[in-house]
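Here the structure comes first, spelled out in structure tokens, and everything after it is commentary.
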Amino acid sequence: MPSPELGDPEELLSAMVTSGAQDSLAWRELASIVRAAAQEDRSLDRDWLTAVDGTPTAVRQLAATLDELSRRDTQLNRRLGTWLRRHAPPSGSSVSDNSIGGTARINGPSIQAHEVRGGIHIHQPAQFRPPVPHQLPPVRAELVGRTADLEALERLRSGHHGQAQLLVVSGLAGVGKTTLVSRWLQQCAEDYPDGRLYADLGGHTGDVGLSVQPAEAYPGGHRSGPSWADPSDILEGFLRALGLSSVPTGTAQRVALWRSLTSGLRLAVMLDDAATAAQVRPLLLGAPGSLTVVTSRSNLTGLVVDGAALHRLGALTPDSAVELLSAGGGGTRVAQAPIAAREVVSLCACLPLAVCLAAAQLAFRPHWSISSLADSLAQGHGPLDSLRVDGEAVVRTALDSAYHLLPRDAAALYRRLGLLPADRYDLHILTAISGLRPDRTEMALNALMEANLLEETGPGRYRLHSLVRSHACRSGEAEEPPAERADTLRRFTDWCLRTATSAESILTPSHRTAARHYACPSVRPTPLDGPAEALTWFDEHRTGLMGAVRHSAQAGWHTTCWQLVDAMWPWFLRLRPAGAWIEAHRLALTAARRAGDRAGEGRMLTSGAIGLRDAGQYGEALSWFTEALELAAADKDMRQQAQALNGIGHVKLRAGRPDEAQQHFERALELRESLGYRRGAALSRIRLGETALANGDPARAAEHLALAHSTLEQEGERYEAARALALLGHVQTCHGSGEEGVQRLREALQMFRQPSAHSRHWQGRCLEWLGQSAQGQGDVVEARQCYEAARDLYKLLSPPDTQRLEDRLRQL
């Protein structure tokens, strides 16, 4: 009895005979059905069909076997029925009639049973061959700023010739992954003559796909999000593009057919915007010489076990971003306003998508200036809202999609990071603000990095892309309750205070005399291993530290505010950030007064006045020192009186009044010696040495400086000892002991390059004095080298010093 779908088994036999040679499309389809059936029925050999030799007996035997199997396997019955309906011979034909004669016409393969006579014509019907697929998305003519990335992809590909290759290109939404990979695959198209296939996996879109939800792929996901493309649907499209008119319904069968069909082909497949490694695996090619390239906003590190090579795509350089702005619509306006163009690409964070959308605005408004565009982008939430396509804020939407896929802990950490007035982070910051155990914080950190929302800039150091930081800030402000926002910032400022205090103890142990008060006992500082790490930490976290100072002042955390500024003293002293120095101390002085802390007020007056003095604001500096002296006298604080007197003397010296300066330095020295404060006395002697030099008494200057240097060396004060040594060398080069003075200056210069006494400012001063000495000896080449090196250091610190060195170089 015939099976219900298959019908008469003779029809199956006839179709098999007329399907032609084993390399025909129909025969390959039948082979895939047999292999799929073999996966479910172990009695059937998956390679049986390939062993059939094409004789009538063998074909008939195979047809009978398939008919028998189909009677008990409804799925096989249905597949064979579908195949038969496509490939059955014309009605009335029969494979049992073997007589050929007359003017017969034979279509397809024939089997000769006996003698053939007459005017017989045998015709092989033309086999339909689908075109070689060329599905890659088109790309614009110019690809700006990606030469190094193209070369990197080519290196990854060239390292695995003869193997199936898998590459993952990851990066932030809008960074240009699709454009880069499309261009690269077009460049190497000749290596893949059987076609280039493309599929958008819809990893971060809401209108593509059918199956997997983010909560399933990311256990603990904080909310439901868009679905993405089903690999089974992608496989159906690929199989049809390669010429199959009928595709199995099951995913496993499609995967098996995909790998069988492509086993001898040299294909390149681009899988765009993948969400997970699991989504990609069914689509991978296995044939030698084939290439699969996956793009994703996530790193997809899970594909490493499948042999994937990873390439992370970053933002453009500012120069390349400006070039893209010009090419995309800015034209000559970009060249005419280079500073405004730089501001535009900076606001776009050099992200290609954002820059292209900004350029499109310029193209649409040919009379709009670059400055007007920059002003527009700076409004509100900046490019997150300003850059739109068809009314949609595409940059914000892309980041929304990535954020919604985060696990719950990672999403919360992302929001809290956005609340911080900082641009650099480490695991200790993240642990402090998350309120989680370190292991859970690290898991959340890894999720943010996997999603390319957080970037690792060095060992244990991280940052948010500026547009991502704006998005995180918006998310935090919208979704974190007020109490949580306040707690996050409180924890952050406590982390700043604890770590700054630790760095202060390493770099200037004698400075820390005030107690510290912490609001969050559970917060722990970042461990710092020695002076180099401590100074580097201050330099890297300057933005966050100043942000913490400002927020503390605004929130009314007065004690935290002034104590944090007090702990930042090594940064002010060594790196000389003039603007930050003065701003921080103005805020901290007000905070100390509002806290009613007279000791804190005095410390802020003296250390803040030093910043004002170094900035050339002598009148205000003198006022602050005088107020500090009066406060200390009222409190009978002799040590603080000496500090204020020393400061007043230095302002007088800078103002060209050395006699008045000497009186104040001598009073400060007397107080410090009476207290047994050897370090302070040595610092007063340094000032007396400078004063003696200004009064034309180099011998007395050298005496003060030599004694100060010896005392500071004994006290273990490397930085202050190096200052005394440099000044002593300067005195000697100017007054008769040139060779010895040069030697001392070079020794001091090396000390200022060491972590324990590191100071760019004093490196510059040593180099300038060495240049003066060389110029006095007639060595113009050496003088120029020293002056140029000093100028380059001053460029980072002080415009007036930089200008002075420029003048010296012109005079040479």
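Following the order of the structure tokens, first chain is A, next is B, and so on, with residues numbered from 1 inside each chain and ligands from 1 in the order they appear.
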
Would you please give, as a ChimeraX atom specification, all residues of region 175-373 of chain A that DSSP assigns to strand (DSSP E or B) based on the backbone?
/A:196-200,221,268-272,291-296,309-312

Set the distance at 10 Å and use only C-alpha atoms: which residues neighbour region 626-628 of chain A once local chain neighbours fewer than 2 positions away are removed? I'd like the list as number ranges by chain.
A: 598-599, 601-606, 609, 620-624, 630-634, 640-641, 643-645, 647-648

Write a file of the selected residues as a tab-separated table (two decimals), in the first residue's frame, keeping N, CA and C atoms.
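Writing the result to part-v2.tsv gives the following:
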```
chain	number	residue	atom	x	y	z
A	598	ARG	N	38.78	75.59	62.24
A	598	ARG	CA	39.80	76.63	62.12
A	598	ARG	C	41.12	76.05	61.62
A	599	ALA	N	41.47	74.84	62.05
A	599	ALA	CA	42.70	74.23	61.56
A	599	ALA	C	42.61	73.99	60.05
A	601	GLU	N	40.72	75.68	58.00
A	601	GLU	CA	40.75	76.99	57.36
A	601	GLU	C	42.19	77.48	57.20
A	602	GLY	N	43.00	77.31	58.25
A	602	GLY	CA	44.39	77.76	58.16
A	602	GLY	C	45.17	76.99	57.10
A	603	ARG	N	44.97	75.70	57.02
A	603	ARG	CA	45.69	74.90	56.03
A	603	ARG	C	45.28	75.29	54.61
A	604	MET	N	43.99	75.56	54.40
A	604	MET	CA	43.53	75.95	53.07
A	604	MET	C	44.06	77.34	52.69
A	605	LEU	N	44.18	78.23	53.68
A	605	LEU	CA	44.71	79.56	53.39
A	605	LEU	C	46.17	79.49	52.94
A	606	THR	N	46.99	78.71	53.65
A	606	THR	CA	48.41	78.68	53.30
A	606	THR	C	48.68	77.91	52.01
A	609	ALA	N	47.25	79.86	49.07
A	609	ALA	CA	48.03	81.06	48.75
A	609	ALA	C	49.26	80.72	47.92
A	620	GLU	N	46.41	88.80	46.09
A	620	GLU	CA	45.51	87.88	46.77
A	620	GLU	C	46.29	86.85	47.59
A	621	ALA	N	47.44	86.42	47.05
A	621	ALA	CA	48.26	85.46	47.81
A	621	ALA	C	48.70	86.07	49.13
A	622	LEU	N	49.14	87.34	49.09
A	622	LEU	CA	49.58	88.01	50.32
A	622	LEU	C	48.42	88.15	51.31
A	623	SER	N	47.23	88.41	50.79
A	623	SER	CA	46.05	88.53	51.65
A	623	SER	C	45.74	87.20	52.35
A	624	TRP	N	45.82	86.10	51.61
A	624	TRP	CA	45.54	84.78	52.19
A	624	TRP	C	46.59	84.42	53.25
A	630	GLU	N	47.22	85.68	61.00
A	630	GLU	CA	46.37	86.20	62.07
A	630	GLU	C	45.58	85.08	62.75
A	631	LEU	N	45.09	84.16	61.98
A	631	LEU	CA	44.33	83.03	62.52
A	631	LEU	C	45.22	82.18	63.42
A	632	ALA	N	46.45	81.91	62.93
A	632	ALA	CA	47.37	81.07	63.71
A	632	ALA	C	47.81	81.78	64.98
A	633	ALA	N	48.02	83.10	64.91
A	633	ALA	CA	48.42	83.85	66.11
A	633	ALA	C	47.31	83.82	67.15
A	634	ALA	N	46.07	83.96	66.69
A	634	ALA	CA	44.95	83.93	67.63
A	634	ALA	C	44.83	82.56	68.30
A	640	GLN	N	51.92	76.90	62.44
A	640	GLN	CA	51.17	77.50	61.35
A	640	GLN	C	51.58	78.96	61.15
A	641	GLN	N	51.97	79.64	62.22
A	641	GLN	CA	52.48	81.01	62.07
A	641	GLN	C	53.73	81.01	61.20
A	643	GLN	N	54.56	78.85	58.94
A	643	GLN	CA	54.17	78.55	57.56
A	643	GLN	C	53.68	79.80	56.86
A	644	ALA	N	52.84	80.60	57.56
A	644	ALA	CA	52.32	81.83	56.96
A	644	ALA	C	53.43	82.85	56.75
A	645	LEU	N	54.35	82.99	57.72
A	645	LEU	CA	55.47	83.93	57.58
A	645	LEU	C	56.35	83.55	56.39
A	647	GLY	N	55.41	81.99	53.77
A	647	GLY	CA	54.68	82.31	52.56
A	647	GLY	C	54.68	83.79	52.25
A	648	ILE	N	54.50	84.62	53.26
A	648	ILE	CA	54.54	86.07	53.05
A	648	ILE	C	55.91	86.48	52.51
```

Record the distance separating CA of Thr431 (chain A) and CA of Ser505 (chain A), expressed in Å with one decimal.
23.1 Å

Nearest to Trp769 (chain A) by atom-to-atom distance, counting only C-alpha atoms, from A:Val742, A:Leu80, A:Leu271, A:Met546
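That would be A:Val742, the residue with the smallest distance to Trp769 (chain A).
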
For Arg140 (chain A), the closest of A:Ala432, A:Ser182, A:Gly611, A:Thr526 counting only C-alpha atoms is A:Ser182

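The spacing separating CA of Asp200 (chain A) from CA of Ala152 (chain A) amounts to 23.5 Å.
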
Which residues are close to region 674-680 of chain A, i.e. within 12 Å by only C-alpha atoms, leaving aside same-chain residues fewer than 6 positions away? Reply as a PyMOL selection string.
chain A and resi 508-511+637-646+665+667-668+686-687+707-721
